[in-house]
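Colleague: I'd like to ask some things about the structure below.
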Amino acid sequence: QVKLSGEREEKRLQHWQGIILHACEQSGRSRIPELLPVQRLDQWLTGRTRTGQALFLDPEGDMSVNGLKEPVDNLSLLVGPEGGLSPAERELAVHAGCLRLRLGPRILRTETAALAALAALQGIWGDLR
């Protein structure tokens with residue numbers, strides 16, 4: 001798991017914000033996703049808004065992309081670190097209202113799991129259909 005603090009955290013946030021902006025420019029996206037400050041999982045789960053749907057990628061999840069209902073408001077996606085979420089973290093996520101989403105039988109790397117999930121969701125709800 002990544003440990004960020006102080007100047008290193010600020011540099012990483014600036015880097016990630018740059019990636020977001022360049023990706024939006026490249027794809028013609030007019031709405032820029034919000035990059036939130038780094039926080040612990042338990043803080044994010046207790047502080048996130050309850051108005052939208054929340055999914056967490058779990059290879060043992062009980063839902064597939066095709067079984068999801070399109071969110072009415074917003075969508076949060078939780079991707080664990082390399083090695084996955086611990087059993088306690090998985091339980092915490094479920095208790096916080098996150099649905100366990102399975103993308104298939106393969107274990108994906110952290111860097112690609114979110115992209116694969118977003119592409120799949122874009123395929124069923126977005127402008128890729």
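Ligands are numbered from 1 in the order shown, chains are lettered A, B, ... in the order of the structure tokens, and residues start at 1 in each chain.
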Which residues, written as a PyMOL selection string, have at least one atom at most 6 Å from stretch 103-116 of chain A, with only C-alpha atoms counted and residues fewer than 3 positions away on the same chain left out?
Modeller: chain A and resi 81-82+119
Colleague: Tell me, as a list in words, which residues lie within 9 Å of A:Asp62, counting only C-alpha atoms; anything in the same chain fewer than 6 positions away does not count.
Modeller: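 Contacts, in chain order: Leu99, Arg100, Leu101 and Arg102 of chain A.
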Colleague: With only C-alpha atoms as the atoms that count, which of A:Gly123, A:Pro33, A:Gly6, A:Gly52 lies nearest to A:Val65?
Modeller: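 The shortest atom-to-atom distance to A:Val65 comes from A:Gly123.
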Colleague: Skipping near chain neighbours, those fewer than 3 positions away, what residues fall within 12 Å of A:Trp44 using only C-alpha atoms, listed as a list in words?
Modeller: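 Here the qualifying residues turn out to be Leu36, Pro37, Val38, Gln39, Arg40, Leu41, Gly47, Arg48, Thr49, Arg50, Ala54, Ser76, Leu77, Leu78, Glu89, Leu92, Ala93, Ala96 and Cys98 of chain A.
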Colleague: Export, as a short mmCIF file (atom, residue, chain, number, x, y, z; two decimals), in the first residue's frame, the selected residues with all heavy atoms.
Modeller:
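out-v5.cif was written with the following content:
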```
data_model
loop_
_atom_site.label_atom_id
_atom_site.label_comp_id
_atom_site.auth_asym_id
_atom_site.auth_seq_id
_atom_site.Cartn_x
_atom_site.Cartn_y
_atom_site.Cartn_z
N LEU A 36 -10.24 13.82 -5.10
CA LEU A 36 -10.31 14.11 -3.67
C LEU A 36 -8.96 13.88 -3.01
O LEU A 36 -8.14 13.12 -3.53
CB LEU A 36 -11.37 13.23 -3.02
CG LEU A 36 -12.80 13.40 -3.55
CD1 LEU A 36 -13.72 12.38 -2.92
CD2 LEU A 36 -13.30 14.81 -3.28
N PRO A 37 -8.73 14.49 -1.87
CA PRO A 37 -7.48 14.25 -1.15
C PRO A 37 -7.35 12.79 -0.72
O PRO A 37 -8.35 12.07 -0.59
CB PRO A 37 -7.59 15.15 0.09
CG PRO A 37 -8.68 16.11 -0.20
CD PRO A 37 -9.58 15.46 -1.20
N VAL A 38 -6.12 12.36 -0.53
CA VAL A 38 -5.85 11.00 -0.06
C VAL A 38 -6.44 10.85 1.35
O VAL A 38 -6.29 11.74 2.19
CB VAL A 38 -4.33 10.73 -0.04
CG1 VAL A 38 -4.03 9.37 0.55
CG2 VAL A 38 -3.75 10.88 -1.43
N GLN A 39 -7.11 9.72 1.58
CA GLN A 39 -7.65 9.45 2.91
C GLN A 39 -7.70 7.95 3.16
O GLN A 39 -7.64 7.16 2.22
CB GLN A 39 -9.02 10.08 3.09
CG GLN A 39 -10.04 9.71 2.05
CD GLN A 39 -11.32 10.51 2.19
OE1 GLN A 39 -11.88 10.61 3.27
NE2 GLN A 39 -11.78 11.09 1.10
N ARG A 40 -7.80 7.58 4.42
CA ARG A 40 -7.89 6.16 4.77
C ARG A 40 -9.24 5.61 4.31
O ARG A 40 -10.23 6.33 4.20
CB ARG A 40 -7.75 5.99 6.28
CG ARG A 40 -6.38 6.31 6.79
CD ARG A 40 -6.17 5.93 8.25
NE ARG A 40 -7.37 5.66 9.00
CZ ARG A 40 -7.77 6.34 10.07
NH1 ARG A 40 -7.07 7.35 10.53
NH2 ARG A 40 -8.88 6.00 10.71
N LEU A 41 -9.27 4.29 4.07
CA LEU A 41 -10.49 3.64 3.59
C LEU A 41 -11.66 3.86 4.53
O LEU A 41 -12.75 4.22 4.10
CB LEU A 41 -10.24 2.15 3.38
CG LEU A 41 -11.46 1.33 2.96
CD1 LEU A 41 -12.01 1.81 1.62
CD2 LEU A 41 -11.13 -0.14 2.92
N GLY A 47 -17.42 8.83 5.28
CA GLY A 47 -17.67 10.19 4.85
C GLY A 47 -18.30 10.35 3.49
O GLY A 47 -18.77 11.42 3.14
N ARG A 48 -18.34 9.27 2.69
CA ARG A 48 -18.88 9.40 1.34
C ARG A 48 -20.38 9.65 1.38
O ARG A 48 -21.07 9.25 2.31
CB ARG A 48 -18.56 8.18 0.48
CG ARG A 48 -19.39 6.97 0.80
CD ARG A 48 -19.20 5.86 -0.22
NE ARG A 48 -20.19 4.86 0.01
CZ ARG A 48 -21.45 4.91 -0.44
NH1 ARG A 48 -21.85 5.91 -1.16
NH2 ARG A 48 -22.31 3.95 -0.17
N THR A 49 -20.86 10.30 0.35
CA THR A 49 -22.28 10.58 0.26
C THR A 49 -23.07 9.29 0.06
O THR A 49 -22.63 8.39 -0.64
CB THR A 49 -22.57 11.59 -0.87
OG1 THR A 49 -23.97 11.78 -0.95
CG2 THR A 49 -22.07 11.09 -2.21
N ARG A 50 -24.21 9.20 0.66
CA ARG A 50 -25.05 8.00 0.54
C ARG A 50 -26.07 8.15 -0.59
O ARG A 50 -26.91 7.29 -0.78
CB ARG A 50 -25.81 7.74 1.85
CG ARG A 50 -24.92 7.51 3.04
CD ARG A 50 -24.23 6.20 2.92
NE ARG A 50 -23.37 5.99 4.08
CZ ARG A 50 -22.92 4.84 4.45
NH1 ARG A 50 -23.23 3.77 3.75
NH2 ARG A 50 -22.14 4.72 5.48
N ALA A 54 -22.57 2.79 -4.84
CA ALA A 54 -21.16 2.53 -4.57
C ALA A 54 -20.86 1.07 -4.89
O ALA A 54 -21.59 0.17 -4.46
CB ALA A 54 -20.83 2.83 -3.11
N SER A 76 -19.75 5.71 -7.13
CA SER A 76 -18.42 5.61 -6.52
C SER A 76 -17.89 4.23 -6.80
O SER A 76 -18.63 3.25 -6.74
CB SER A 76 -18.51 5.82 -5.01
OG SER A 76 -18.97 7.10 -4.69
N LEU A 77 -16.60 4.15 -7.10
CA LEU A 77 -15.96 2.87 -7.41
C LEU A 77 -14.75 2.70 -6.51
O LEU A 77 -13.86 3.55 -6.49
CB LEU A 77 -15.53 2.85 -8.88
CG LEU A 77 -14.86 1.58 -9.38
CD1 LEU A 77 -15.80 0.39 -9.31
CD2 LEU A 77 -14.37 1.79 -10.81
N LEU A 78 -14.73 1.62 -5.77
CA LEU A 78 -13.63 1.32 -4.86
C LEU A 78 -12.81 0.18 -5.45
O LEU A 78 -13.35 -0.88 -5.76
CB LEU A 78 -14.18 0.91 -3.48
CG LEU A 78 -13.19 0.36 -2.46
CD1 LEU A 78 -12.11 1.38 -2.13
CD2 LEU A 78 -13.94 -0.07 -1.20
N GLU A 89 -11.64 -5.09 5.68
CA GLU A 89 -11.94 -3.96 4.79
C GLU A 89 -13.12 -4.29 3.88
O GLU A 89 -13.97 -3.43 3.63
CB GLU A 89 -10.71 -3.61 3.96
CG GLU A 89 -9.58 -2.99 4.75
CD GLU A 89 -8.29 -2.87 3.97
OE1 GLU A 89 -8.04 -3.71 3.06
OE2 GLU A 89 -7.52 -1.93 4.25
N LEU A 92 -16.20 -3.97 5.94
CA LEU A 92 -16.46 -2.55 6.18
C LEU A 92 -17.12 -1.91 4.96
O LEU A 92 -18.07 -1.13 5.08
CB LEU A 92 -15.15 -1.85 6.52
CG LEU A 92 -15.20 -0.42 7.01
CD1 LEU A 92 -15.96 -0.30 8.32
CD2 LEU A 92 -13.79 0.12 7.18
N ALA A 93 -16.64 -2.25 3.77
CA ALA A 93 -17.22 -1.70 2.53
C ALA A 93 -18.67 -2.15 2.34
O ALA A 93 -19.53 -1.34 2.00
CB ALA A 93 -16.37 -2.11 1.33
N ALA A 96 -20.90 -0.38 4.67
CA ALA A 96 -21.08 1.01 4.27
C ALA A 96 -21.99 1.14 3.03
O ALA A 96 -22.21 2.24 2.54
CB ALA A 96 -19.73 1.66 3.98
N CYS A 98 -21.59 -0.58 -0.04
CA CYS A 98 -20.98 -0.87 -1.34
C CYS A 98 -21.43 -2.23 -1.84
O CYS A 98 -21.50 -3.19 -1.08
CB CYS A 98 -19.46 -0.87 -1.22
SG CYS A 98 -18.74 0.71 -0.80
#
```
Colleague: If we count only C-alpha atoms and set the cut-off at 8 Å, which residues sit around stretch 11-18 of chain A, ignoring sequence neighbours fewer than 3 positions away in its own chain? Please answer as a list in words.
Modeller: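 Returned residues: Glu7, Arg8, Leu21, His22, Leu35 and Pro37 of chain A.
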Colleague: According to DSSP computed on the backbone, where in chain A is there alpha helix (DSSP H)? Give the residues as a PyMOL selection string.
Modeller: chain A and resi 6-27+41-47+87-95+110-125
Colleague: Rounded to one decimal, what separation in Å do you get between atom CA of A:Pro71 and atom CA of A:Asp58?
Modeller: 19.0 Å
Colleague: Between A:Trp125, A:Gly28, A:Gly80, A:Leu4, which has the minimum distance to A:Leu57 (counting only C-alpha atoms)?
Modeller: A:Gly80
Colleague: Run DSSP on the backbone and grab whatever in chain A lands in strand (DSSP E or B); send it over as a ChimeraX atom specification.
Modeller: /A:53-57,63,75-78,99-101
Colleague: Please, could you write that set of residues out with N, CA, C and O atoms as a PDB file, in the first residue's frame?
Modeller:
```
ATOM      1  N   GLN A  53     -24.789   5.328  -5.935  1.00  0.00           N
ATOM      2  CA  GLN A  53     -24.459   3.911  -5.882  1.00  0.00           C
ATOM      3  C   GLN A  53     -22.959   3.763  -5.641  1.00  0.00           C
ATOM      4  O   GLN A  53     -22.159   4.531  -6.163  1.00  0.00           O
ATOM      5  N   ALA A  54     -22.570   2.794  -4.838  1.00  0.00           N
ATOM      6  CA  ALA A  54     -21.162   2.533  -4.565  1.00  0.00           C
ATOM      7  C   ALA A  54     -20.862   1.075  -4.887  1.00  0.00           C
ATOM      8  O   ALA A  54     -21.592   0.171  -4.465  1.00  0.00           O
ATOM      9  N   LEU A  55     -19.792   0.868  -5.628  1.00  0.00           N
ATOM     10  CA  LEU A  55     -19.372  -0.472  -6.016  1.00  0.00           C
ATOM     11  C   LEU A  55     -17.945  -0.687  -5.543  1.00  0.00           C
ATOM     12  O   LEU A  55     -17.150   0.240  -5.536  1.00  0.00           O
ATOM     13  N   PHE A  56     -17.646  -1.912  -5.136  1.00  0.00           N
ATOM     14  CA  PHE A  56     -16.234  -2.214  -4.958  1.00  0.00           C
ATOM     15  C   PHE A  56     -15.904  -3.480  -5.702  1.00  0.00           C
ATOM     16  O   PHE A  56     -16.677  -4.425  -5.738  1.00  0.00           O
ATOM     17  N   LEU A  57     -14.771  -3.436  -6.388  1.00  0.00           N
ATOM     18  CA  LEU A  57     -14.356  -4.558  -7.222  1.00  0.00           C
ATOM     19  C   LEU A  57     -13.884  -5.694  -6.333  1.00  0.00           C
ATOM     20  O   LEU A  57     -12.990  -5.530  -5.522  1.00  0.00           O
ATOM     21  N   MET A  63     -22.284  -9.701  -7.855  1.00  0.00           N
ATOM     22  CA  MET A  63     -22.931  -9.002  -8.962  1.00  0.00           C
ATOM     23  C   MET A  63     -21.959  -8.893 -10.132  1.00  0.00           C
ATOM     24  O   MET A  63     -20.757  -8.734  -9.936  1.00  0.00           O
ATOM     25  N   LEU A  75     -21.930   7.715  -8.975  1.00  0.00           N
ATOM     26  CA  LEU A  75     -21.378   6.380  -8.779  1.00  0.00           C
ATOM     27  C   LEU A  75     -20.000   6.501  -8.153  1.00  0.00           C
ATOM     28  O   LEU A  75     -19.187   7.310  -8.589  1.00  0.00           O
ATOM     29  N   SER A  76     -19.753   5.712  -7.132  1.00  0.00           N
ATOM     30  CA  SER A  76     -18.424   5.612  -6.524  1.00  0.00           C
ATOM     31  C   SER A  76     -17.890   4.225  -6.802  1.00  0.00           C
ATOM     32  O   SER A  76     -18.627   3.246  -6.740  1.00  0.00           O
ATOM     33  N   LEU A  77     -16.602   4.146  -7.105  1.00  0.00           N
ATOM     34  CA  LEU A  77     -15.963   2.872  -7.412  1.00  0.00           C
ATOM     35  C   LEU A  77     -14.754   2.703  -6.507  1.00  0.00           C
ATOM     36  O   LEU A  77     -13.865   3.551  -6.493  1.00  0.00           O
ATOM     37  N   LEU A  78     -14.727   1.625  -5.767  1.00  0.00           N
ATOM     38  CA  LEU A  78     -13.628   1.318  -4.859  1.00  0.00           C
ATOM     39  C   LEU A  78     -12.809   0.181  -5.452  1.00  0.00           C
ATOM     40  O   LEU A  78     -13.346  -0.883  -5.757  1.00  0.00           O
ATOM     41  N   LEU A  99     -21.739  -2.308  -3.120  1.00  0.00           N
ATOM     42  CA  LEU A  99     -22.079  -3.572  -3.763  1.00  0.00           C
ATOM     43  C   LEU A  99     -20.805  -4.233  -4.254  1.00  0.00           C
ATOM     44  O   LEU A  99     -19.927  -3.565  -4.811  1.00  0.00           O
ATOM     45  N   ARG A 100     -20.709  -5.527  -4.080  1.00  0.00           N
ATOM     46  CA  ARG A 100     -19.525  -6.284  -4.493  1.00  0.00           C
ATOM     47  C   ARG A 100     -19.641  -6.639  -5.972  1.00  0.00           C
ATOM     48  O   ARG A 100     -20.435  -7.487  -6.344  1.00  0.00           O
ATOM     49  N   LEU A 101     -18.828  -6.002  -6.809  1.00  0.00           N
ATOM     50  CA  LEU A 101     -18.883  -6.178  -8.254  1.00  0.00           C
ATOM     51  C   LEU A 101     -17.743  -7.077  -8.723  1.00  0.00           C
ATOM     52  O   LEU A 101     -16.587  -6.827  -8.427  1.00  0.00           O
TER      53      LEU A 101
END
```
Colleague: Give me, as an mmCIF file with N, CA, C and O atoms, in the first residue's frame, all polymer residues having an atom no more than 12 Å from A:Arg31, counting only C-alpha atoms and skipping those fewer than 6 positions away in the same chain.
Modeller:
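Result file result-v8.cif:
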```
data_model
loop_
_atom_site.group_PDB
_atom_site.id
_atom_site.type_symbol
_atom_site.label_atom_id
_atom_site.label_comp_id
_atom_site.auth_asym_id
_atom_site.auth_seq_id
_atom_site.Cartn_x
_atom_site.Cartn_y
_atom_site.Cartn_z
ATOM 1 N N ILE A 20 -5.843 13.501 -15.190
ATOM 2 C CA ILE A 20 -7.287 13.677 -15.364
ATOM 3 C C ILE A 20 -7.568 14.733 -16.438
ATOM 4 O O ILE A 20 -8.373 14.515 -17.347
ATOM 5 N N LEU A 21 -6.916 15.871 -16.331
ATOM 6 C CA LEU A 21 -7.152 16.959 -17.293
ATOM 7 C C LEU A 21 -6.772 16.554 -18.717
ATOM 8 O O LEU A 21 -7.539 16.792 -19.654
ATOM 9 N N ALA A 23 -6.541 13.522 -19.966
ATOM 10 C CA ALA A 23 -7.458 12.488 -20.447
ATOM 11 C C ALA A 23 -8.785 13.100 -20.888
ATOM 12 O O ALA A 23 -9.356 12.687 -21.903
ATOM 13 N N CYS A 24 -9.278 14.088 -20.138
ATOM 14 C CA CYS A 24 -10.533 14.755 -20.515
ATOM 15 C C CYS A 24 -10.369 15.524 -21.817
ATOM 16 O O CYS A 24 -11.257 15.502 -22.671
ATOM 17 N N GLU A 25 -9.231 16.209 -21.979
ATOM 18 C CA GLU A 25 -8.971 16.929 -23.219
ATOM 19 C C GLU A 25 -8.907 15.969 -24.402
ATOM 20 O O GLU A 25 -9.483 16.218 -25.456
#
```
Colleague: From the list A:Gly67, A:Gly126, A:Ile32, A:Asn74, which residue is nearest A:Ile19 when using only C-alpha atoms?
Modeller: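 Nearest candidate to A:Ile19 out of A:Gly67, A:Gly126, A:Ile32, A:Asn74: A:Ile32.
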